[in-house]
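Just below is one structure, and these are the notes that go with it.
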Amino acid sequence: MNEAKAKLHVLSEFTYTPSTVERGYTGQTLYVNVGDGTIKGKPVTEDMKEKFIGGRGFDLWLLWQGINDSTKWNDPENEIVIASGPCGGTTQYPGSGKSIAVSISPLTHVPIDSNAGGHYGPYLKFSGWDAIEVQGKAEKDVFVYVDGPAGIVQIIEAPEDSPTDTHMLGHWLNDHFAASEKDKQQMSFVTAGIGSDHSYIGCLNFSLYDRKRHDLRYKQAGRGGIGTVFRDKKIKALIVKSFPVKGDSNHPADMERIAATGADMQHEVATFDPVQNRMRSRGTSYLVQIMNDYDLLPVHNYKFGAHPDTPKINGDIWEAQYTQNMPDGCWYGCTVACAHAVDAYEVRTGPYKGQRVIVDGPEYETIAGCGSNCGIFEPWALLEINFYCDTYGIDTISFGTGMAFVMECYEAGILDKEKTGGLDLHFGKAEETLEVMHQLARGEGFGKIFGMGIRQMKQYFVEHFDADPQFVQDIGMEAKGLEYSEYLTKESLAQQGGYGLTNKGPQHDEAWLIFMDQVNNQLPTFEDKAEALHYFPMWRTWFGLCGFCKLPWNDVVDPKNSLSAEPAKIPHHVQNYVEIYSGVTGKEVTTDDLIDMSERVYNLQRVMNIRLGYGLRDHDAIPYRSAGPVTEEEYLSRQERYDDQIREWFDKDPETMTTQEKMALHREYREGRYEKLIDAVYKRRGWSPNGVPTVEKLQQLGIDYPDVVAIVKKYL
Amino acid sequence: MILVNQKHQVAWHKGITIRDVLKIMNYTYPHMAVRVNGTPVLDDQYDTYTIPDEADVRVIHLIAGG
């Protein structure tokens with residue numbers, strides 16, 4: 001026992017005998033109410049496993065039951081639910097340690113799901129719980145501590161002198177909860193930071209103890225403001241201490257099957273990664289130059305798709321910065337090992353100026369969002385932004401996309417120094433961007449306005465700064481209230497749908513079809529696009545049900561995949577997942593079954609959106625910047641392309657038209673085809689023209705529970 | 001003339017290879033599935049496989065985002 005922990009004030013305690021994990025499940029979920037102190041276990045039924053599988057499926061099902069039709073993000077009954085999934089914690093197959101967090105989002109007001117690496121989810125399972133469901137609001141800051149080996153769960157008062165920012169709090173927690181190096185290895189924390197206290201774009205950090213560095217590292221469940229909910233509940237940390245992880249901790253049904261499939265994949269990674277994306281040496285930063293080469297990198301608030309300074313922040317730069325020069329995984333046994341970090345970075349600004357810290361990443365989304373999209377091409381600035389976003393508990397994607405919007409507003413004259421408190425926020429202003437971050441964290445000045453997120457900033461700028469409502473709507477890259485992730489979609493209708501026709505908002509983990517559509521031209525018809533917008537969101541959802549990372553599916557591939565009938569689906573990797581799932585759970589499934597599993601969860605999430613007053617066709621609208629050129633500057637930057645399209649699509653001579661006339665023609669056409677895409681996708685998904693899952697669809701999926709059916713019937 | 005991905009025309013010349021077409025198209029992504037008139041061509045043949053005139057070349061980038 002750590003003596004420092006013994007001095008902490010326990011508010012509530014629950015003792016239990018940890019269930020043995022059998023075939024990937026413990027058979028119990030943990031319920032903790034930080035408001036009234038209730039702690040209890042709930043059984044996992046066979047129906048729950050059959051219908052919702054685990055991970056995001058369990059999260060949503062538990063949330064469905066925990067809330068009511070009018071629950072808001074900051075109501076006590078809102079929950080944060082975290083689970084891995086039946087395959088989570090597997091060590092033989094790469095990318096098998098994900099945690100998925102779900103809550104009602106302060107940005108979108110509907111459920112958000114966000115996944116992260118780190119050790120929390122698998123450790124929670126190996127401590128006896130398939131999921132943790134946290135409800136209520138504490139009066140004072142608390143820790144929720146799960147100790148599997150001791151068989152206790154406690155709500156503990158967080159001392160006033162305990163830090164809130166993640167990198168400081170992590171060390172404090174190790175000092176107070178770990179009695180040895182071995183303890184540190186068996187513990188994981190979920191934390192946020194003071195940025196989550198003062199904004200709607202808060203994220204969660206999931207820790208892992210890095211045995212090479214002998215220090216803590218963090219992976220982020222960034223999207224949708226779950227960190228904001230976390231701090232609104234006055235949770236400082238979720239802490240788990242697990243039994244030691246072993247190769248068979250899931251007690252799988254067929255260990256040999258898993259080992260054989262894993263060995264085959266590990267061989268592929270070792271053989272092909274060095275000549276393909278080189279994830280093991282540069283992680284997702286490899287994408288920066290690729291996106292630039294194909295005119296898809298967001299530059300200056302998604303106006304442009306490339307920039308001559310991109311080589312200053314591309315994968316070559318980050319490979320040189322990442323330290324240890326060795327693979328860095330975020331879960332045991334993951335040979336893709338893309339979780340790189342920069343060690344001993346000396347912080348230049350803010351409250352931690354002069355500290356030497358580990359910066360996890362930066363990964364592609366952070367580089368593109370906070371870099372090119374904001375016109376910032378200075379690596380030190382991206383490291384600094386990345387560090388502060390993490391320790392303050394701020395989503396780097398929402399931060400980058402939000403700052404890009406603000407910078408365009410500044411250049412358009414909507415903002416000026418008087419309105420920003422003296423900050424010059426032209427594109428490229430790195431120091432000023434960091435000052436906005438520090439203001440946000442303190443809940444002060446322009447940073448406080450910024451922390452509301454783009455949707456509320458639009459309204460604020462119209463009401464207080466006389467902004468043109470149509471202009472800020474067109475250029476503010478959010479849908480459903482969530483900021484876009486970092487891909488330029490103007491020339492890919494399918495990806496416009498990949499962002500717009502989502503449940504949670506524009507995040508690429510549902511569908512990423514730019515290359516299939518725009519470059520490969522594999523989706524020429526509306527029906528082709530609709531099929532892709534059915535299959536890929538369902539396929540990608542499946543990773544989150546089971547505790548898998550998406551990256552090993554298609555970021556390392558045997559070249560023989562080219563010979564398959566549908567190479568974009570990577571069929572032999574899909575079969576790998578069939579083998580692992582069946583090997584863990586003992587349930588024999590087909591590739592089609594995996595899609596069916598996802599469809600149930602996906603449709604439940606859609607109905608949940610409707611239940612909360614959203615989830616209809618109107619809510620799937622997208623800003624015009626994602627579909628076409630808003631400004632003359634944009635049009636003229638790609639005039640040859642747009643003029644050619646006028647000849648091809650409308651059989652008109654662009655030489656006889658003004659730029660404004662050409663832009664108007666493009667807009668009418670592009671907006672019209674997005675509506676046609678919606679029709680095609682809804683039809684393919686079994687939804688009404690208003691985006692509502694039909695009763696027949698719910699029956700087919702086996703989720704025609706009376707309360708679910710009652711909701712859709714109001715709209716059919 | 002060579003048709004790439006059913007929408008881009010590339011001028012044909014005798015001896016033009018897959019590698020040449022990828023360079024002309026600025027297709028820099030390292031992992032693709034290539035078919036010429038429906039026949040798969042593996043990446044170790046990109047420098048040697050010569051494309052016939054009027055060929056239908058499909059270059060499928062096997063990339064699916066973060």
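To be explicit about the labels: the chains of the structure tokens are called A, B, and onward in the order shown, and within each one the residues are counted from 1, while ligands get numbers from 1 in the order they are shown.
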
Write out as a tab-separated table the residues of chain B that have any atom within 10 Å of an atom of chain A, one row each with the nearest atom pair and its distance in Å to one decimal, counting only C-alpha atoms, sorted by chain and then rising number.
residue	atom	partner	partner_atom	distance
B:Val4	CA	A:Asn520	CA	8.9
B:Asn5	CA	A:Asn520	CA	5.9
B:Gln6	CA	A:Asn521	CA	7.1
B:Lys7	CA	A:Asn521	CA	7.8
B:Met25	CA	A:Tyr294	CA	9.7
B:Asn26	CA	A:Asp293	CA	7.3
B:Tyr27	CA	A:Tyr294	CA	7.7
B:Thr28	CA	A:Ile290	CA	6.8
B:Tyr29	CA	A:Ile290	CA	6.3
B:Pro30	CA	A:Gln276	CA	5.5
B:His31	CA	A:Gln276	CA	6.0
B:Met32	CA	A:Ser562	CA	7.5
B:Ala33	CA	A:Ser562	CA	4.6
B:Val34	CA	A:Ser562	CA	7.2
B:Arg35	CA	A:Ser562	CA	8.7
B:Thr39	CA	A:Leu563	CA	9.0
B:Pro40	CA	A:Leu563	CA	6.1
B:Val41	CA	A:Ser562	CA	8.2
B:Leu42	CA	A:Pro559	CA	7.1
B:Asp43	CA	A:Pro559	CA	7.5
B:Asp44	CA	A:Pro559	CA	9.6
B:Arg58	CA	A:Asn520	CA	7.5
B:Val59	CA	A:Asn520	CA	6.3
B:Ile60	CA	A:Asn520	CA	5.3
B:His61	CA	A:Asn520	CA	6.6
B:Leu62	CA	A:Ala568	CA	5.9
B:Ile63	CA	A:Asn554	CA	6.9
B:Ala64	CA	A:Trp512	CA	5.8
B:Gly65	CA	A:Trp512	CA	5.9
B:Gly66	CA	A:Asp509	CA	7.0

Check: Which polymer residues have any atom within 10 Å of an atom of A:Phe471, counting only C-alpha atoms, with same-chain residues fewer than 3 positions away left out, as a VMD selection string?
Finding: chain A and resid 409 412 458 462 467 to 468 474 to 476 623 to 625 630 to 631

Item checked: Å distance separating atom CA of A:Tyr322 from atom CA of A:His307, one decimal place -> 23.5 Å

Next item on the list: Write down as a list of chain:residue names the residues of chain B whose backbone DSSP state falls under helix (DSSP H, G or I).
Entry: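 Helix (DSSP H, G or I) members of chain B, listed: B:Ile18, B:Arg19, B:Asp20, B:Val21, B:Leu22, B:Lys23, B:Ile24, B:Asp43, B:Asp44, B:Gln45.
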
How would the residues just picked look written out with all heavy atoms as a PDB file, in the first residue's frame?
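Listing of again.pdb after writing:
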ATOM      1  N   ILE B  18       4.324   1.510 -66.355  1.00  0.00           N
ATOM      2  CA  ILE B  18       3.464   1.888 -65.228  1.00  0.00           C
ATOM      3  C   ILE B  18       4.131   3.023 -64.446  1.00  0.00           C
ATOM      4  O   ILE B  18       3.491   4.008 -64.083  1.00  0.00           O
ATOM      5  CB  ILE B  18       3.249   0.681 -64.284  1.00  0.00           C
ATOM      6  CG1 ILE B  18       2.596  -0.482 -65.023  1.00  0.00           C
ATOM      7  CG2 ILE B  18       2.450   1.093 -63.050  1.00  0.00           C
ATOM      8  CD1 ILE B  18       1.160  -0.309 -65.347  1.00  0.00           C
ATOM      9  N   ARG B  19       5.442   2.871 -64.205  1.00  0.00           N
ATOM     10  CA  ARG B  19       6.155   3.892 -63.435  1.00  0.00           C
ATOM     11  C   ARG B  19       6.043   5.255 -64.105  1.00  0.00           C
ATOM     12  O   ARG B  19       5.850   6.273 -63.439  1.00  0.00           O
ATOM     13  CB  ARG B  19       7.629   3.502 -63.294  1.00  0.00           C
ATOM     14  CG  ARG B  19       8.434   4.406 -62.377  1.00  0.00           C
ATOM     15  CD  ARG B  19       8.172   4.131 -60.912  1.00  0.00           C
ATOM     16  NE  ARG B  19       8.612   2.802 -60.536  1.00  0.00           N
ATOM     17  CZ  ARG B  19       8.185   2.169 -59.432  1.00  0.00           C
ATOM     18  NH1 ARG B  19       7.314   2.733 -58.618  1.00  0.00           N
ATOM     19  NH2 ARG B  19       8.618   0.957 -59.147  1.00  0.00           N
ATOM     20  N   ASP B  20       6.135   5.273 -65.431  1.00  0.00           N
ATOM     21  CA  ASP B  20       6.024   6.549 -66.164  1.00  0.00           C
ATOM     22  C   ASP B  20       4.653   7.192 -65.927  1.00  0.00           C
ATOM     23  O   ASP B  20       4.547   8.394 -65.702  1.00  0.00           O
ATOM     24  CB  ASP B  20       6.222   6.323 -67.667  1.00  0.00           C
ATOM     25  CG  ASP B  20       7.627   5.828 -68.021  1.00  0.00           C
ATOM     26  OD1 ASP B  20       8.564   6.168 -67.274  1.00  0.00           O
ATOM     27  OD2 ASP B  20       7.755   5.111 -69.024  1.00  0.00           O
ATOM     28  N   VAL B  21       3.619   6.380 -66.000  1.00  0.00           N
ATOM     29  CA  VAL B  21       2.263   6.918 -65.825  1.00  0.00           C
ATOM     30  C   VAL B  21       2.077   7.441 -64.408  1.00  0.00           C
ATOM     31  O   VAL B  21       1.495   8.512 -64.199  1.00  0.00           O
ATOM     32  CB  VAL B  21       1.210   5.831 -66.155  1.00  0.00           C
ATOM     33  CG1 VAL B  21      -0.180   6.283 -65.733  1.00  0.00           C
ATOM     34  CG2 VAL B  21       1.233   5.512 -67.638  1.00  0.00           C
ATOM     35  N   LEU B  22       2.581   6.703 -63.435  1.00  0.00           N
ATOM     36  CA  LEU B  22       2.454   7.160 -62.054  1.00  0.00           C
ATOM     37  C   LEU B  22       3.153   8.511 -61.865  1.00  0.00           C
ATOM     38  O   LEU B  22       2.659   9.386 -61.154  1.00  0.00           O
ATOM     39  CB  LEU B  22       3.035   6.126 -61.080  1.00  0.00           C
ATOM     40  CG  LEU B  22       2.373   4.739 -61.088  1.00  0.00           C
ATOM     41  CD1 LEU B  22       3.054   3.829 -60.054  1.00  0.00           C
ATOM     42  CD2 LEU B  22       0.881   4.828 -60.828  1.00  0.00           C
ATOM     43  N   LYS B  23       4.278   8.657 -62.526  1.00  0.00           N
ATOM     44  CA  LYS B  23       5.027   9.912 -62.405  1.00  0.00           C
ATOM     45  C   LYS B  23       4.262  11.055 -63.071  1.00  0.00           C
ATOM     46  O   LYS B  23       4.151  12.150 -62.522  1.00  0.00           O
ATOM     47  CB  LYS B  23       6.411   9.742 -63.046  1.00  0.00           C
ATOM     48  CG  LYS B  23       7.355  10.876 -62.731  1.00  0.00           C
ATOM     49  CD  LYS B  23       8.762  10.547 -63.214  1.00  0.00           C
ATOM     50  CE  LYS B  23       9.709  11.695 -62.871  1.00  0.00           C
ATOM     51  NZ  LYS B  23      11.067  11.453 -63.370  1.00  0.00           N
ATOM     52  N   ILE B  24       3.729  10.792 -64.249  1.00  0.00           N
ATOM     53  CA  ILE B  24       2.965  11.831 -64.956  1.00  0.00           C
ATOM     54  C   ILE B  24       1.759  12.273 -64.131  1.00  0.00           C
ATOM     55  O   ILE B  24       1.429  13.451 -64.046  1.00  0.00           O
ATOM     56  CB  ILE B  24       2.509  11.300 -66.340  1.00  0.00           C
ATOM     57  CG1 ILE B  24       3.719  11.126 -67.253  1.00  0.00           C
ATOM     58  CG2 ILE B  24       1.456  12.221 -66.957  1.00  0.00           C
ATOM     59  CD1 ILE B  24       3.444  10.296 -68.497  1.00  0.00           C
ATOM     60  N   ASP B  43       3.691  -4.548 -58.049  1.00  0.00           N
ATOM     61  CA  ASP B  43       4.569  -3.378 -58.000  1.00  0.00           C
ATOM     62  C   ASP B  43       5.998  -3.683 -58.447  1.00  0.00           C
ATOM     63  O   ASP B  43       6.718  -2.783 -58.870  1.00  0.00           O
ATOM     64  CB  ASP B  43       4.549  -2.720 -56.621  1.00  0.00           C
ATOM     65  CG  ASP B  43       4.901  -3.662 -55.505  1.00  0.00           C
ATOM     66  OD1 ASP B  43       5.146  -4.849 -55.786  1.00  0.00           O
ATOM     67  OD2 ASP B  43       4.935  -3.214 -54.345  1.00  0.00           O
ATOM     68  N   ASP B  44       6.420  -4.954 -58.386  1.00  0.00           N
ATOM     69  CA  ASP B  44       7.781  -5.240 -58.855  1.00  0.00           C
ATOM     70  C   ASP B  44       7.878  -5.241 -60.385  1.00  0.00           C
ATOM     71  O   ASP B  44       8.957  -5.420 -60.947  1.00  0.00           O
ATOM     72  CB  ASP B  44       8.293  -6.569 -58.269  1.00  0.00           C
ATOM     73  CG  ASP B  44       7.418  -7.756 -58.620  1.00  0.00           C
ATOM     74  OD1 ASP B  44       6.447  -7.566 -59.388  1.00  0.00           O
ATOM     75  OD2 ASP B  44       7.673  -8.857 -58.120  1.00  0.00           O
ATOM     76  N   GLN B  45       6.736  -5.024 -61.057  1.00  0.00           N
ATOM     77  CA  GLN B  45       6.740  -4.945 -62.526  1.00  0.00           C
ATOM     78  C   GLN B  45       6.523  -3.511 -63.040  1.00  0.00           C
ATOM     79  O   GLN B  45       6.465  -3.304 -64.251  1.00  0.00           O
ATOM     80  CB  GLN B  45       5.630  -5.841 -63.090  1.00  0.00           C
ATOM     81  CG  GLN B  45       5.773  -7.314 -62.753  1.00  0.00           C
ATOM     82  CD  GLN B  45       4.533  -8.085 -63.205  1.00  0.00           C
ATOM     83  OE1 GLN B  45       3.499  -8.059 -62.556  1.00  0.00           O
ATOM     84  NE2 GLN B  45       4.651  -8.746 -64.351  1.00  0.00           N
TER      85      GLN B  45
END

Item checked: Residues flagged strand (DSSP E or B) by DSSP in chain B, as a ChimeraX atom specification -> /B:2-4,8-10,17,32-36,39-41,50,56-61

Next item on the list: Would you work out the distance separating atom CA of A:Asp130 from atom CA of A:Gly547, expressed in Å to one decimal?
Entry: 11.1 Å

Checklist line | For stretch 391-404 of chain A: contacts at 6 Å, only C-alpha atoms, fewer than 2 positions along chain excluded, given as a ChimeraX atom specification | finding: /A:165-167,192-196,201-203,222,301,366,369-370,373-374,388-389,406-407,454,483,485

Go ahead and save the residues from that selection, with N, CA, C and O atoms, as a short mmCIF file (atom, residue, chain, number, x, y, z; two decimals), in the first residue's frame.
data_model
loop_
_atom_site.label_atom_id
_atom_site.label_comp_id
_atom_site.auth_asym_id
_atom_site.auth_seq_id
_atom_site.Cartn_x
_atom_site.Cartn_y
_atom_site.Cartn_z
N ASP A 165 -4.04 19.38 -14.76
CA ASP A 165 -3.46 19.16 -16.09
C ASP A 165 -2.79 17.80 -16.15
O ASP A 165 -2.08 17.37 -15.23
N THR A 166 -2.99 17.14 -17.28
CA THR A 166 -2.70 15.71 -17.38
C THR A 166 -1.25 15.35 -17.05
O THR A 166 -1.01 14.41 -16.29
N HIS A 167 -0.27 16.06 -17.62
CA HIS A 167 1.10 15.57 -17.42
C HIS A 167 1.55 15.74 -15.97
O HIS A 167 2.38 14.97 -15.48
N ALA A 192 -8.22 14.70 -17.79
CA ALA A 192 -8.49 15.77 -18.76
C ALA A 192 -7.52 16.91 -18.47
O ALA A 192 -6.30 16.69 -18.51
N GLY A 193 -7.99 18.09 -18.11
CA GLY A 193 -7.12 19.23 -17.84
C GLY A 193 -7.96 20.48 -17.71
O GLY A 193 -9.18 20.44 -17.93
N ILE A 194 -7.31 21.61 -17.39
CA ILE A 194 -8.11 22.81 -17.13
C ILE A 194 -8.74 23.37 -18.39
O ILE A 194 -9.69 24.14 -18.32
N GLY A 195 -8.23 22.99 -19.56
CA GLY A 195 -8.90 23.39 -20.79
C GLY A 195 -10.28 22.77 -20.91
O GLY A 195 -11.20 23.34 -21.50
N SER A 196 -10.43 21.58 -20.34
CA SER A 196 -11.75 20.93 -20.33
C SER A 196 -12.69 21.64 -19.36
O SER A 196 -13.91 21.54 -19.49
N ILE A 201 -14.60 21.83 -25.92
CA ILE A 201 -13.81 20.96 -26.80
C ILE A 201 -12.81 20.14 -25.98
O ILE A 201 -11.73 19.80 -26.45
N GLY A 202 -13.21 19.79 -24.76
CA GLY A 202 -12.32 19.02 -23.89
C GLY A 202 -12.14 17.59 -24.35
O GLY A 202 -13.06 16.97 -24.88
N CYS A 203 -10.95 17.06 -24.12
CA CYS A 203 -10.69 15.66 -24.49
C CYS A 203 -10.31 14.85 -23.26
O CYS A 203 -10.06 15.38 -22.18
N GLY A 222 -10.26 12.26 -28.36
CA GLY A 222 -10.31 13.70 -28.51
C GLY A 222 -11.67 14.29 -28.82
O GLY A 222 -11.99 15.40 -28.39
N ASN A 301 -7.89 27.14 -43.53
CA ASN A 301 -9.31 26.85 -43.29
C ASN A 301 -9.97 26.16 -44.48
O ASN A 301 -11.05 26.54 -44.92
N THR A 366 -3.25 16.40 -36.03
CA THR A 366 -2.73 17.57 -35.32
C THR A 366 -1.85 18.41 -36.24
O THR A 366 -1.93 19.65 -36.24
N GLY A 369 -4.28 19.96 -38.87
CA GLY A 369 -5.27 20.87 -38.29
C GLY A 369 -4.63 22.11 -37.70
O GLY A 369 -5.05 23.24 -37.97
N CYS A 370 -3.62 21.92 -36.87
CA CYS A 370 -2.98 23.05 -36.19
C CYS A 370 -1.84 23.62 -37.03
O CYS A 370 -1.34 24.70 -36.74
N ASN A 373 -3.59 23.93 -41.87
CA ASN A 373 -4.92 24.56 -41.90
C ASN A 373 -4.88 25.96 -41.29
O ASN A 373 -5.68 26.81 -41.64
N CYS A 374 -3.95 26.17 -40.39
CA CYS A 374 -3.78 27.50 -39.77
C CYS A 374 -2.61 28.25 -40.40
O CYS A 374 -2.26 29.34 -39.92
N TYR A 388 0.30 21.31 -25.18
CA TYR A 388 -0.68 22.01 -24.34
C TYR A 388 -2.10 21.48 -24.56
O TYR A 388 -2.89 21.43 -23.63
N CYS A 389 -2.44 21.13 -25.80
CA CYS A 389 -3.76 20.52 -26.00
C CYS A 389 -3.89 19.28 -25.12
O CYS A 389 -4.91 19.08 -24.45
N VAL A 406 -11.24 30.96 -37.14
CA VAL A 406 -11.01 32.28 -36.53
C VAL A 406 -10.05 33.09 -37.39
O VAL A 406 -10.24 34.29 -37.63
N MET A 407 -9.01 32.44 -37.91
CA MET A 407 -8.03 33.16 -38.72
C MET A 407 -8.66 33.68 -40.01
O MET A 407 -8.36 34.80 -40.45
N ILE A 454 -16.88 26.06 -32.97
CA ILE A 454 -17.22 26.87 -34.16
C ILE A 454 -18.70 27.21 -34.21
O ILE A 454 -19.07 28.36 -34.51
N GLU A 483 -16.42 20.00 -35.04
CA GLU A 483 -15.46 20.50 -36.02
C GLU A 483 -15.00 19.36 -36.95
O GLU A 483 -14.81 18.22 -36.51
N SER A 485 -12.63 16.99 -39.16
CA SER A 485 -11.25 16.54 -39.14
C SER A 485 -10.57 16.99 -40.44
O SER A 485 -11.16 17.76 -41.21
#

Next item on the list: With a distance cut-off of 12 Å and only C-alpha atoms, select the neighbouring residues of stretch 653-658 of chain A, excluding the residue or stretch itself and same-chain residues fewer than 3 positions from it, and output the selection as number ranges by chain.
Entry: A: 632, 635-636, 639-650, 661-666

Prev. selection, N, CA, C and O atoms, output as a compact mmCIF listing (two decimals), in the first residue's frame:
# COMPACT_ATOMS: atom_id res chain seq x y z
N GLU A 632 -14.05 34.03 -54.12
CA GLU A 632 -13.40 34.16 -55.43
C GLU A 632 -11.95 33.70 -55.36
O GLU A 632 -11.42 33.11 -56.31
N TYR A 635 -11.95 30.07 -55.85
CA TYR A 635 -12.26 29.70 -57.23
C TYR A 635 -11.05 29.93 -58.13
O TYR A 635 -10.65 29.06 -58.91
N LEU A 636 -10.47 31.10 -57.98
CA LEU A 636 -9.36 31.46 -58.86
C LEU A 636 -8.12 30.60 -58.62
O LEU A 636 -7.32 30.39 -59.52
N GLN A 639 -8.91 27.68 -60.85
CA GLN A 639 -9.80 28.11 -61.92
C GLN A 639 -9.86 27.11 -63.08
O GLN A 639 -10.93 26.84 -63.63
N GLU A 640 -8.71 26.54 -63.44
CA GLU A 640 -8.69 25.62 -64.57
C GLU A 640 -9.62 24.43 -64.30
O GLU A 640 -10.41 24.03 -65.16
N ARG A 641 -9.52 23.91 -63.08
CA ARG A 641 -10.38 22.78 -62.72
C ARG A 641 -11.86 23.17 -62.77
O ARG A 641 -12.68 22.49 -63.38
N TYR A 642 -12.18 24.28 -62.12
CA TYR A 642 -13.60 24.67 -62.04
C TYR A 642 -14.15 25.06 -63.41
O TYR A 642 -15.30 24.74 -63.73
N ASP A 643 -13.35 25.73 -64.21
CA ASP A 643 -13.82 26.08 -65.55
C ASP A 643 -14.03 24.83 -66.41
O ASP A 643 -15.00 24.74 -67.17
N ASP A 644 -13.12 23.89 -66.30
CA ASP A 644 -13.30 22.63 -67.04
C ASP A 644 -14.60 21.95 -66.62
O ASP A 644 -15.31 21.36 -67.45
N GLN A 645 -14.89 22.00 -65.33
CA GLN A 645 -16.13 21.36 -64.85
C GLN A 645 -17.36 22.08 -65.43
O GLN A 645 -18.38 21.43 -65.72
N ILE A 646 -17.26 23.38 -65.60
CA ILE A 646 -18.40 24.10 -66.21
C ILE A 646 -18.62 23.62 -67.64
O ILE A 646 -19.75 23.41 -68.07
N ARG A 647 -17.54 23.41 -68.35
CA ARG A 647 -17.68 22.89 -69.72
C ARG A 647 -18.27 21.48 -69.68
O ARG A 647 -19.17 21.14 -70.45
N GLU A 648 -17.74 20.64 -68.79
CA GLU A 648 -18.13 19.23 -68.76
C GLU A 648 -19.54 19.04 -68.19
O GLU A 648 -20.35 18.29 -68.74
N TRP A 649 -19.83 19.69 -67.09
CA TRP A 649 -21.10 19.44 -66.39
C TRP A 649 -22.27 20.21 -66.99
O TRP A 649 -23.41 19.76 -66.96
N PHE A 650 -21.98 21.41 -67.50
CA PHE A 650 -23.10 22.27 -67.92
C PHE A 650 -23.06 22.62 -69.41
O PHE A 650 -23.95 23.30 -69.89
N GLU A 661 -20.79 34.46 -61.43
CA GLU A 661 -21.77 33.62 -62.13
C GLU A 661 -21.33 32.16 -62.12
O GLU A 661 -22.14 31.25 -61.92
N LYS A 662 -20.05 31.95 -62.33
CA LYS A 662 -19.54 30.57 -62.35
C LYS A 662 -19.66 29.95 -60.96
O LYS A 662 -20.03 28.78 -60.82
N MET A 663 -19.36 30.74 -59.94
CA MET A 663 -19.45 30.21 -58.57
C MET A 663 -20.90 29.85 -58.22
O MET A 663 -21.16 28.84 -57.57
N ALA A 664 -21.84 30.70 -58.68
CA ALA A 664 -23.25 30.43 -58.39
C ALA A 664 -23.71 29.15 -59.07
O ALA A 664 -24.47 28.34 -58.48
N LEU A 665 -23.23 28.95 -60.30
CA LEU A 665 -23.59 27.73 -61.03
C LEU A 665 -23.05 26.49 -60.32
O LEU A 665 -23.75 25.49 -60.14
N HIS A 666 -21.79 26.58 -59.89
CA HIS A 666 -21.19 25.47 -59.15
C HIS A 666 -21.97 25.18 -57.87
O HIS A 666 -22.24 24.02 -57.53

Would you list the contacts of B:Ile51 as a compact mmCIF listing (two decimals) with C-alpha atoms, in the first residue's frame, taking every protein, DNA or RNA residue within 9 Å and counting only C-alpha atoms, but skipping same-chain residues closer than 4 positions in sequence?
# COMPACT_ATOMS: atom_id res chain seq x y z
CA ILE B 2 -4.02 5.93 -72.26
CA TRP B 12 0.95 7.11 -75.14
CA HIS B 13 4.41 6.42 -76.49
CA LYS B 14 6.18 3.20 -77.26
CA GLY B 15 7.68 1.66 -74.13
CA ILE B 16 5.69 3.73 -71.63
CA THR B 17 5.65 1.91 -68.30
CA ILE B 18 3.46 1.89 -65.23
CA VAL B 36 -4.03 -2.70 -67.24
CA ALA B 55 -5.09 0.94 -72.61
CA VAL B 57 -5.31 1.71 -66.69

Margin query: Considering only C-alpha atoms, can you say which of A:Pro537, A:Gly691, A:Pro94, A:Gly283 comes closest to A:Ala494?
Written below: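 Selected residue with least distance to A:Ala494: A:Pro537.
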
Notebook entry, point to check: Any idea what's packed within 12 Å of A:Pro76, counting only C-alpha atoms, ignoring anything in its chain fewer than 3 positions away? Could you give it as a VMD selection string?
Noted result: chain A and resid 33 to 36 66 to 68 70 to 73 79 to 80 103 to 104 134 to 139 229 to 230 232 to 234
